[in-house]
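Q: The structure file start.csv (CSV, N, CA and C atoms) is provided below.
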chain,number,residue,atom,x,y,z
A,40,MET,N,0.8,-1.2,0.0
A,40,MET,CA,0.0,0.0,0.0
A,40,MET,C,0.9,1.2,0.0
A,41,GLU,N,0.6,2.2,-0.9
A,41,GLU,CA,1.4,3.4,-1.0
A,41,GLU,C,1.0,4.4,0.2
A,42,PRO,N,2.0,5.2,0.6
A,42,PRO,CA,1.6,6.2,1.6
A,42,PRO,C,0.8,7.3,1.0
A,43,PRO,N,0.0,8.0,1.8
A,43,PRO,CA,-0.9,9.0,1.3
A,43,PRO,C,-0.1,10.1,0.7
A,44,ALA,N,-0.6,10.8,-0.3
A,44,ALA,CA,0.0,11.9,-0.9
A,44,ALA,C,0.2,13.0,0.1
A,45,PRO,N,1.3,13.8,0.0
A,45,PRO,CA,1.5,14.9,1.0
A,45,PRO,C,0.4,15.9,1.1
A,46,ASP,N,-0.4,16.1,0.0
A,46,ASP,CA,-1.5,17.1,0.1
A,46,ASP,C,-2.8,16.5,0.5
A,47,HIS,N,-2.8,15.2,1.1
A,47,HIS,CA,-4.0,14.6,1.6
A,47,HIS,C,-4.6,15.5,2.6
A,48,PRO,N,-6.0,15.8,2.5
A,48,PRO,CA,-6.6,16.8,3.4
A,48,PRO,C,-6.6,16.4,4.9
A,49,ARG,N,-6.5,15.1,5.2
A,49,ARG,CA,-6.6,14.7,6.6
A,49,ARG,C,-5.3,14.2,7.2
A,50,ARG,N,-4.2,14.2,6.4
A,50,ARG,CA,-2.9,13.7,6.9
A,50,ARG,C,-1.9,14.7,6.6
A,51,ALA,N,-1.0,15.0,7.6
A,51,ALA,CA,0.1,15.9,7.4
A,51,ALA,C,1.2,15.2,6.7
A,52,PRO,N,2.0,15.9,5.9
A,52,PRO,CA,3.2,15.3,5.3
A,52,PRO,C,4.2,14.8,6.3
A,53,PRO,N,5.0,13.8,5.9
A,53,PRO,CA,5.9,13.2,6.9
A,53,PRO,C,6.8,14.3,7.5
A,54,ALA,N,7.2,14.2,8.7
A,54,ALA,CA,8.0,15.1,9.4
A,54,ALA,C,9.5,14.8,9.1
A,55,ALA,N,10.3,15.9,9.0
A,55,ALA,CA,11.7,15.7,8.8
A,55,ALA,C,12.5,16.1,10.1
A,56,ASP,N,13.5,15.3,10.4
A,56,ASP,CA,14.3,15.6,11.5
A,56,ASP,C,13.6,15.6,12.9
A,57,GLY,N,12.5,14.9,13.0
A,57,GLY,CA,11.8,14.8,14.2
A,57,GLY,C,10.9,16.0,14.6
A,58,GLU,N,10.8,17.0,13.6
A,58,GLU,CA,10.0,18.1,13.9
A,58,GLU,C,8.5,17.8,13.6
A,59,SER,N,7.6,18.7,14.1
A,59,SER,CA,6.2,18.5,13.9
A,59,SER,C,5.9,18.6,12.4
A,60,ALA,N,5.1,17.7,11.9
A,60,ALA,CA,4.8,17.7,10.5
A,60,ALA,C,3.9,18.9,10.1
A,61,THR,N,3.1,19.4,11.1
A,61,THR,CA,2.2,20.5,10.8
A,61,THR,C,2.8,21.8,11.3
A,62,GLY,N,4.0,21.8,11.8
A,62,GLY,CA,4.6,23.1,12.2
A,62,GLY,C,3.9,23.7,13.4
A,63,GLY,N,3.1,23.0,14.2
A,63,GLY,CA,2.4,23.5,15.3
A,63,GLY,C,1.0,24.0,14.9
A,64,ALA,N,0.6,23.9,13.6
A,64,ALA,CA,-0.7,24.3,13.2
A,64,ALA,C,-1.7,23.2,13.6
A,65,PRO,N,-3.0,23.6,13.8
A,65,PRO,CA,-4.0,22.6,14.1
A,65,PRO,C,-4.1,21.5,13.0
A,66,PHE,N,-4.3,20.3,13.4
A,66,PHE,CA,-4.4,19.2,12.5
A,66,PHE,C,-5.8,19.2,11.9
A,67,ASN,N,-6.0,18.9,10.7
A,67,ASN,CA,-7.3,18.9,10.0
A,67,ASN,C,-8.1,17.7,10.4
A,68,LEU,N,-9.0,17.8,11.4
A,68,LEU,CA,-9.8,16.7,11.9
A,68,LEU,C,-11.1,16.5,11.1
A,69,PRO,N,-11.6,15.3,11.0
A,69,PRO,CA,-12.9,15.2,10.4
A,69,PRO,C,-14.0,15.9,11.3
A,70,PRO,N,-15.1,16.2,10.7
A,70,PRO,CA,-16.2,16.9,11.5
A,70,PRO,C,-16.7,16.0,12.6
A,71,ARG,N,-17.0,16.7,13.7
A,71,ARG,CA,-17.5,15.9,14.9
A,71,ARG,C,-18.7,16.7,15.5
A,72,ARG,N,-19.5,16.1,16.4
A,72,ARG,CA,-20.6,16.7,17.0
A,72,ARG,C,-20.2,17.2,18.4
A,73,VAL,N,-20.6,18.4,18.7
A,73,VAL,CA,-20.4,19.0,20.1
A,73,VAL,C,-21.7,19.5,20.6
A,74,PHE,N,-22.0,19.2,21.8
A,74,PHE,CA,-23.3,19.7,22.4
A,74,PHE,C,-22.9,20.8,23.4
A,75,VAL,N,-23.6,21.9,23.4
A,75,VAL,CA,-23.3,23.0,24.3
A,75,VAL,C,-24.5,23.3,25.1
A,76,TYR,N,-24.4,23.1,26.4
A,76,TYR,CA,-25.5,23.5,27.3
A,76,TYR,C,-25.5,25.0,27.6
A,77,LEU,N,-26.6,25.6,27.4
A,77,LEU,CA,-26.6,27.1,27.5
A,77,LEU,C,-27.6,27.6,28.5
A,78,ASP,N,-27.3,28.7,29.1
A,78,ASP,CA,-28.3,29.5,30.0
A,78,ASP,C,-28.6,30.8,29.3
A,79,GLY,N,-29.8,31.2,29.4
A,79,GLY,CA,-30.2,32.5,28.8
A,79,GLY,C,-31.1,32.4,27.6
A,80,LEU,N,-31.4,31.2,27.2
A,80,LEU,CA,-32.3,31.0,26.1
A,80,LEU,C,-33.7,30.9,26.6
A,81,VAL,N,-34.5,32.0,26.6
A,81,VAL,CA,-35.8,32.0,27.2
A,81,VAL,C,-36.9,32.1,26.2
A,82,ALA,N,-36.5,32.4,24.9
A,82,ALA,CA,-37.5,32.5,23.9
A,82,ALA,C,-36.9,32.2,22.5
A,83,VAL,N,-37.8,32.0,21.5
A,83,VAL,CA,-37.3,31.6,20.2
A,83,VAL,C,-36.3,32.7,19.6
A,84,HIS,N,-36.6,34.0,19.9
A,84,HIS,CA,-35.7,35.0,19.3
A,84,HIS,C,-34.3,34.9,19.9
A,85,ALA,N,-34.2,34.5,21.2
A,85,ALA,CA,-32.9,34.3,21.8
A,85,ALA,C,-32.2,33.1,21.2
A,86,ALA,N,-32.9,32.0,20.8
A,86,ALA,CA,-32.3,30.9,20.2
A,86,ALA,C,-31.8,31.3,18.8
A,87,ARG,N,-32.6,32.1,18.1
A,87,ARG,CA,-32.2,32.6,16.8
A,87,ARG,C,-30.9,33.5,16.9
A,88,ALA,N,-30.8,34.3,17.9
A,88,ALA,CA,-29.7,35.2,18.1
A,88,ALA,C,-28.4,34.3,18.4
A,89,ALA,N,-28.6,33.2,19.2
A,89,ALA,CA,-27.5,32.3,19.5
A,89,ALA,C,-27.1,31.6,18.2
A,90,HIS,N,-28.0,31.2,17.4
A,90,HIS,CA,-27.7,30.5,16.1
A,90,HIS,C,-26.8,31.5,15.2
A,91,THR,N,-27.2,32.7,15.1
A,91,THR,CA,-26.4,33.7,14.3
A,91,THR,C,-25.0,33.9,14.9
A,92,ALA,N,-24.9,34.0,16.2
A,92,ALA,CA,-23.6,34.1,16.9
A,92,ALA,C,-22.7,32.9,16.6
A,93,LEU,N,-23.3,31.7,16.7
A,93,LEU,CA,-22.5,30.5,16.4
A,93,LEU,C,-22.0,30.5,15.0
A,94,ALA,N,-22.7,31.1,14.1
A,94,ALA,CA,-22.2,31.1,12.7
A,94,ALA,C,-20.9,31.8,12.5
A,95,ALA,N,-20.6,32.7,13.5
A,95,ALA,CA,-19.4,33.5,13.4
A,95,ALA,C,-18.2,32.8,14.1
A,96,VAL,N,-18.4,31.7,14.7
A,96,VAL,CA,-17.3,31.0,15.5
A,96,VAL,C,-16.5,30.1,14.5
A,97,PRO,N,-15.2,30.3,14.4
A,97,PRO,CA,-14.4,29.5,13.5
A,97,PRO,C,-14.5,28.0,13.8
A,98,GLY,N,-14.7,27.2,12.8
A,98,GLY,CA,-14.8,25.8,12.9
A,98,GLY,C,-16.2,25.2,13.0
A,99,VAL,N,-17.2,26.1,13.3
A,99,VAL,CA,-18.6,25.6,13.4
A,99,VAL,C,-19.1,25.6,12.0
A,100,ARG,N,-19.5,24.4,11.6
A,100,ARG,CA,-20.1,24.2,10.2
A,100,ARG,C,-21.6,24.3,10.3
A,101,THR,N,-22.2,23.7,11.3
A,101,THR,CA,-23.7,23.8,11.4
A,101,THR,C,-24.0,23.9,12.9
A,102,ALA,N,-25.2,24.5,13.2
A,102,ALA,CA,-25.7,24.6,14.5
A,102,ALA,C,-27.2,24.4,14.6
A,103,GLU,N,-27.6,23.5,15.5
A,103,GLU,CA,-29.0,23.3,15.8
A,103,GLU,C,-29.3,23.8,17.2
A,104,VAL,N,-30.0,24.9,17.3
A,104,VAL,CA,-30.2,25.6,18.6
A,104,VAL,C,-31.6,25.4,19.1
A,105,THR,N,-31.8,24.9,20.4
A,105,THR,CA,-33.0,24.8,21.0
A,105,THR,C,-33.0,25.6,22.3
A,106,LEU,N,-34.0,25.7,23.1
A,106,LEU,CA,-34.0,26.4,24.3
A,106,LEU,C,-33.1,25.7,25.4
A,107,ALA,N,-32.8,24.4,25.2
A,107,ALA,CA,-31.9,23.7,26.1
A,107,ALA,C,-30.4,23.9,25.8
A,108,GLY,N,-30.1,24.1,24.5
A,108,GLY,CA,-28.7,24.2,24.2
A,108,GLY,C,-28.5,24.2,22.7
A,109,ALA,N,-27.3,23.9,22.2
A,109,ALA,CA,-27.0,23.8,20.8
A,109,ALA,C,-26.2,22.6,20.5
A,110,GLU,N,-26.5,22.0,19.4
A,110,GLU,CA,-25.7,20.9,18.9
A,110,GLU,C,-25.0,21.4,17.6
A,111,LEU,N,-23.7,21.3,17.7
A,111,LEU,CA,-22.8,21.8,16.6
A,111,LEU,C,-22.1,20.7,15.8
A,112,GLU,N,-21.9,21.0,14.6
A,112,GLU,CA,-21.0,20.1,13.8
A,112,GLU,C,-19.8,21.0,13.6
A,113,VAL,N,-18.7,20.5,14.2
A,113,VAL,CA,-17.4,21.2,14.2
A,113,VAL,C,-16.4,20.6,13.3
A,114,GLU,N,-15.7,21.4,12.6
A,114,GLU,CA,-14.6,20.9,11.8
A,114,GLU,C,-13.3,21.5,12.2
A,115,GLY,N,-12.3,20.7,12.5
A,115,GLY,CA,-11.0,21.2,13.0
A,115,GLY,C,-11.0,21.5,14.5
A,116,VAL,N,-10.4,22.5,14.9
A,116,VAL,CA,-10.3,22.8,16.3
A,116,VAL,C,-11.3,23.8,16.7
A,117,LEU,N,-12.1,23.6,17.8
A,117,LEU,CA,-13.1,24.5,18.3
A,117,LEU,C,-12.4,25.4,19.3
A,118,ASP,N,-12.4,26.7,19.1
A,118,ASP,CA,-11.9,27.6,20.1
A,118,ASP,C,-13.0,27.9,21.1
A,119,GLU,N,-12.9,27.3,22.3
A,119,GLU,CA,-14.0,27.5,23.3
A,119,GLU,C,-14.1,28.9,23.7
A,120,GLU,N,-13.0,29.6,23.8
A,120,GLU,CA,-13.1,31.1,24.2
A,120,GLU,C,-13.9,31.9,23.2
A,121,ALA,N,-13.6,31.6,21.9
A,121,ALA,CA,-14.4,32.3,20.9
A,121,ALA,C,-15.8,32.0,20.9
A,122,LEU,N,-16.1,30.7,21.2
A,122,LEU,CA,-17.5,30.3,21.4
A,122,LEU,C,-18.2,31.0,22.5
A,123,ARG,N,-17.6,31.1,23.6
A,123,ARG,CA,-18.1,31.7,24.8
A,123,ARG,C,-18.3,33.2,24.5
A,124,ALA,N,-17.3,33.9,23.9
A,124,ALA,CA,-17.4,35.3,23.6
A,124,ALA,C,-18.5,35.6,22.7
A,125,ALA,N,-18.7,34.8,21.6
A,125,ALA,CA,-19.7,35.1,20.6
A,125,ALA,C,-21.1,35.0,21.3
A,126,LEU,N,-21.3,33.9,22.1
A,126,LEU,CA,-22.6,33.8,22.8
A,126,LEU,C,-22.9,34.8,23.8
A,127,ALA,N,-21.8,35.3,24.5
A,127,ALA,CA,-22.0,36.3,25.5
A,127,ALA,C,-22.5,37.6,24.9
A,128,LEU,N,-22.1,37.9,23.6
A,128,LEU,CA,-22.5,39.1,22.9
A,128,LEU,C,-24.0,39.1,22.8
A,129,VAL,N,-24.7,38.0,22.7
A,129,VAL,CA,-26.2,37.9,22.6
A,129,VAL,C,-26.8,37.6,23.9
A,130,GLY,N,-26.1,37.6,25.0
A,130,GLY,CA,-26.7,37.4,26.3
A,130,GLY,C,-26.9,36.0,26.7
A,131,VAL,N,-26.1,35.1,26.1
A,131,VAL,CA,-26.2,33.7,26.5
A,131,VAL,C,-24.9,33.2,27.1
A,132,THR,N,-25.1,32.4,28.2
A,132,THR,CA,-24.0,31.9,28.9
A,132,THR,C,-23.8,30.4,28.6
A,133,VAL,N,-22.5,30.0,28.4
A,133,VAL,CA,-22.2,28.6,28.2
A,133,VAL,C,-22.0,27.9,29.5
A,134,ARG,N,-22.8,26.8,29.8
A,134,ARG,CA,-22.6,26.0,31.0
A,134,ARG,C,-21.6,24.9,30.8
A,135,VAL,N,-21.8,24.1,29.8
A,135,VAL,CA,-20.9,23.0,29.5
A,135,VAL,C,-20.7,22.8,28.0
A,136,VAL,N,-19.5,22.4,27.6
A,136,VAL,CA,-19.3,22.1,26.2
A,136,VAL,C,-18.9,20.6,26.3
A,137,GLU,N,-19.6,19.8,25.5
A,137,GLU,CA,-19.4,18.3,25.6
A,137,GLU,C,-19.3,17.7,24.2
A,138,ALA,N,-18.2,17.1,23.9
A,138,ALA,CA,-18.0,16.4,22.6
A,138,ALA,C,-18.7,15.1,22.7
A,139,ARG,N,-19.4,14.8,21.6
A,139,ARG,CA,-20.2,13.5,21.5
A,139,ARG,C,-19.6,12.7,20.4
A,140,PRO,N,-19.3,11.4,20.6
A,140,PRO,CA,-18.8,10.6,19.5
A,140,PRO,C,-19.9,10.3,18.5
A,141,ARG,N,-19.5,10.2,17.3
A,141,ARG,CA,-20.5,9.8,16.3
A,141,ARG,C,-20.8,8.3,16.4
A,142,ARG,N,-22.1,8.0,16.2
A,142,ARG,CA,-22.5,6.6,16.3
A,142,ARG,C,-23.2,6.2,15.0
A,143,LEU,N,-22.8,5.1,14.5
A,143,LEU,CA,-23.4,4.6,13.3
A,143,LEU,C,-24.7,3.8,13.6
A,144,PRO,N,-25.8,4.0,13.0
A,144,PRO,CA,-27.0,3.2,13.3
A,144,PRO,C,-26.8,1.8,12.8
A,145,LEU,N,-27.3,0.9,13.6
A,145,LEU,CA,-27.2,-0.5,13.3
A,145,LEU,C,-28.5,-1.0,12.9
A,146,LEU,N,-28.5,-1.9,11.9
A,146,LEU,CA,-29.7,-2.5,11.4
A,146,LEU,C,-30.0,-3.7,12.2
A,147,ALA,N,-31.3,-3.9,12.4
A,147,ALA,CA,-31.8,-5.1,13.1
A,147,ALA,C,-31.6,-6.3,12.2
A,148,GLU,N,-31.5,-7.5,12.8
A,148,GLU,CA,-31.3,-8.7,12.0
A,148,GLU,C,-32.4,-8.8,11.0
A,149,GLY,N,-32.1,-9.2,9.8
A,149,GLY,CA,-33.1,-9.3,8.8
A,149,GLY,C,-33.3,-8.1,8.0
A,150,GLU,N,-32.8,-6.9,8.4
A,150,GLU,CA,-33.0,-5.7,7.7
A,150,GLU,C,-31.8,-5.4,6.8
A,151,GLY,N,-31.9,-4.6,5.8
A,151,GLY,CA,-30.8,-4.2,5.0
A,151,GLY,C,-30.7,-5.0,3.7
A,152,ALA,N,-29.6,-4.8,3.0
A,152,ALA,CA,-29.4,-5.4,1.7
A,152,ALA,C,-29.2,-6.9,1.7
A,153,TRP,N,-28.6,-7.4,2.8
A,153,TRP,CA,-28.3,-8.9,2.9
A,153,TRP,C,-29.3,-9.7,3.7
A,154,GLY,N,-30.3,-9.0,4.3
A,154,GLY,CA,-31.3,-9.6,5.2
A,154,GLY,C,-32.4,-10.1,4.4
Take the structure I supplied and represent it as structure tokens, if you would.

A:
Amino acid sequence: MEPPAPDHPRRAPPAADGESATGGAPFNLPPRRVFVYLDGLVAVHAARAAHTALAAVPGVRTAEVTLAGAELEVEGVLDEEALRAALALVGVTVRVVEARPRRLPLLAEGEGAWG
């Protein structure tokens, strides 16, 4: 098997002389889900304002905001301070930021193409 090309989007080129292959830059990670528990969302207009604020946070690809919190799809490194600052501008406080692993749905026995 050949090694990945140096310009592969999810792998850094091989390091030379034991130095960091990325030069200290954030590694390009696949998108992941992050749940943010929020205080201050008391009405739909507050949730809409939070959604708009989250759109400005680097790394946030999508956001689903409810009165309980927000579920984000994050690409790369999420800057939690930038997240907190953006939401503070619209009067929302971050209680907890929790990364959630992706889970693949499983088919019950007898379902699917081979069942």

Q: Going by DSSP on the backbone, which bits of segment 92-151 of chain A are alpha helix (DSSP H)? Write them as a PyMOL selection string, please.

A: chain A and resi 92-94+119-127

Q: Residues near Ala107 of chain A, anyone? I mean within 7 Å using all atoms listed in the file, not counting same-chain ones fewer than 5 positions away, as a list in words.

A: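 Non-adjacent residues within range: Val75, Tyr76, Leu77, Asp78 and Leu80 of chain A.
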
Q: So which residues touch Ala82 of chain A within 7 Å, counting all atoms listed in the file, skipping near sequence neighbours fewer than 4 positions away, as a PyMOL selection string?

A: chain A and resi 86-87+106

Q: Since we have the selection now, will you write its residues out, keeping N, CA and C atoms, as a PDB file, in the coordinates of the input?

A:
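Writing done, so here's out.pdb:
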ATOM      1  N   ALA A  86     -32.900  32.000  20.800  1.00  0.00           N
ATOM      2  CA  ALA A  86     -32.300  30.900  20.200  1.00  0.00           C
ATOM      3  C   ALA A  86     -31.800  31.300  18.800  1.00  0.00           C
ATOM      4  N   ARG A  87     -32.600  32.100  18.100  1.00  0.00           N
ATOM      5  CA  ARG A  87     -32.200  32.600  16.800  1.00  0.00           C
ATOM      6  C   ARG A  87     -30.900  33.500  16.900  1.00  0.00           C
ATOM      7  N   LEU A 106     -34.000  25.700  23.100  1.00  0.00           N
ATOM      8  CA  LEU A 106     -34.000  26.400  24.300  1.00  0.00           C
ATOM      9  C   LEU A 106     -33.100  25.700  25.400  1.00  0.00           C
TER      10      LEU A 106
END

Q: Which polymer residues have any atom within 8 Å of an atom of Ala124 of chain A, counting only N, CA and C atoms, with same-chain residues fewer than 5 positions away left out, as a list in words?

A: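 Counting only the stated atoms, we get Ala92, Asp118, Glu119, Val129 and Val133 of chain A.
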
Q: Name the residues in contact with Thr132 of chain A at a cut-off of 8 Å, using only C-alpha atoms, excluding same-chain residues fewer than 2 positions from it; report them as a list in words.

A: Leu77, Asp78, Gly79, Arg123, Leu126, Ala127, Gly130 and Arg134 of chain A

Q: Write a file of the just-selected residues containing N, CA and C atoms, as a PDB file, keeping the file's coordinate frame.

A:
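Full text of out06.pdb as output:
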ATOM      1  N   LEU A  77     -26.600  25.600  27.400  1.00  0.00           N
ATOM      2  CA  LEU A  77     -26.600  27.100  27.500  1.00  0.00           C
ATOM      3  C   LEU A  77     -27.600  27.600  28.500  1.00  0.00           C
ATOM      4  N   ASP A  78     -27.300  28.700  29.100  1.00  0.00           N
ATOM      5  CA  ASP A  78     -28.300  29.500  30.000  1.00  0.00           C
ATOM      6  C   ASP A  78     -28.600  30.800  29.300  1.00  0.00           C
ATOM      7  N   GLY A  79     -29.800  31.200  29.400  1.00  0.00           N
ATOM      8  CA  GLY A  79     -30.200  32.500  28.800  1.00  0.00           C
ATOM      9  C   GLY A  79     -31.100  32.400  27.600  1.00  0.00           C
ATOM     10  N   ARG A 123     -17.600  31.100  23.600  1.00  0.00           N
ATOM     11  CA  ARG A 123     -18.100  31.700  24.800  1.00  0.00           C
ATOM     12  C   ARG A 123     -18.300  33.200  24.500  1.00  0.00           C
ATOM     13  N   LEU A 126     -21.300  33.900  22.100  1.00  0.00           N
ATOM     14  CA  LEU A 126     -22.600  33.800  22.800  1.00  0.00           C
ATOM     15  C   LEU A 126     -22.900  34.800  23.800  1.00  0.00           C
ATOM     16  N   ALA A 127     -21.800  35.300  24.500  1.00  0.00           N
ATOM     17  CA  ALA A 127     -22.000  36.300  25.500  1.00  0.00           C
ATOM     18  C   ALA A 127     -22.500  37.600  24.900  1.00  0.00           C
ATOM     19  N   GLY A 130     -26.100  37.600  25.000  1.00  0.00           N
ATOM     20  CA  GLY A 130     -26.700  37.400  26.300  1.00  0.00           C
ATOM     21  C   GLY A 130     -26.900  36.000  26.700  1.00  0.00           C
ATOM     22  N   ARG A 134     -22.800  26.800  29.800  1.00  0.00           N
ATOM     23  CA  ARG A 134     -22.600  26.000  31.000  1.00  0.00           C
ATOM     24  C   ARG A 134     -21.600  24.900  30.800  1.00  0.00           C
TER      25      ARG A 134
END

Q: Taking all atoms listed in the file into account, which of A:Val136, A:Leu117, A:Leu122, A:Val83 comes nearest Gly98 of chain A?

A: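 Among the listed residues, the smallest separation from Gly98 of chain A belongs to A:Leu117.
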
Q: Give me, please, the distance in Å between atom CA of Val135 of chain A and atom CA of Ala109 of chain A, quoted to one decimal.

A: 10.7 Å

Q: Between atom C of Ala125 of chain A and atom CA of Ala85 of chain A, measure the distance and give it in Å to one decimal.

A: 11.8 Å

Q: With only N, CA and C atoms as the counted atoms, please give the residues lying no more than 6.5 Å from Thr101 of chain A, apart from itself and same-chain residues fewer than 3 positions off, as a PyMOL selection string.

A: chain A and resi 98+110-113

Q: For the atom pair atom N of Thr105 of chain A and atom N of Arg139 of chain A, what is the interatomic distance in Å to one decimal place?

A: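 Going from atom N of Thr105 of chain A over to atom N of Arg139 of chain A covers 16.0 Å.
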
Q: Determine the nearest neighbour of Val104 of chain A from the options A:Val131, A:Val73, A:Val116, A:Ala89, counting only C-alpha atoms.

A: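 For Val104 of chain A, the nearest of the given residues is A:Ala89.
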
Q: At a cut-off of 8 Å around the point (-24.3, 13.2, 22.8) (file coordinates), what residues fall inside when counting only N, CA and C atoms? I'd like the answer as a ChimeraX atom specification.

A: /A:72-74,137-141
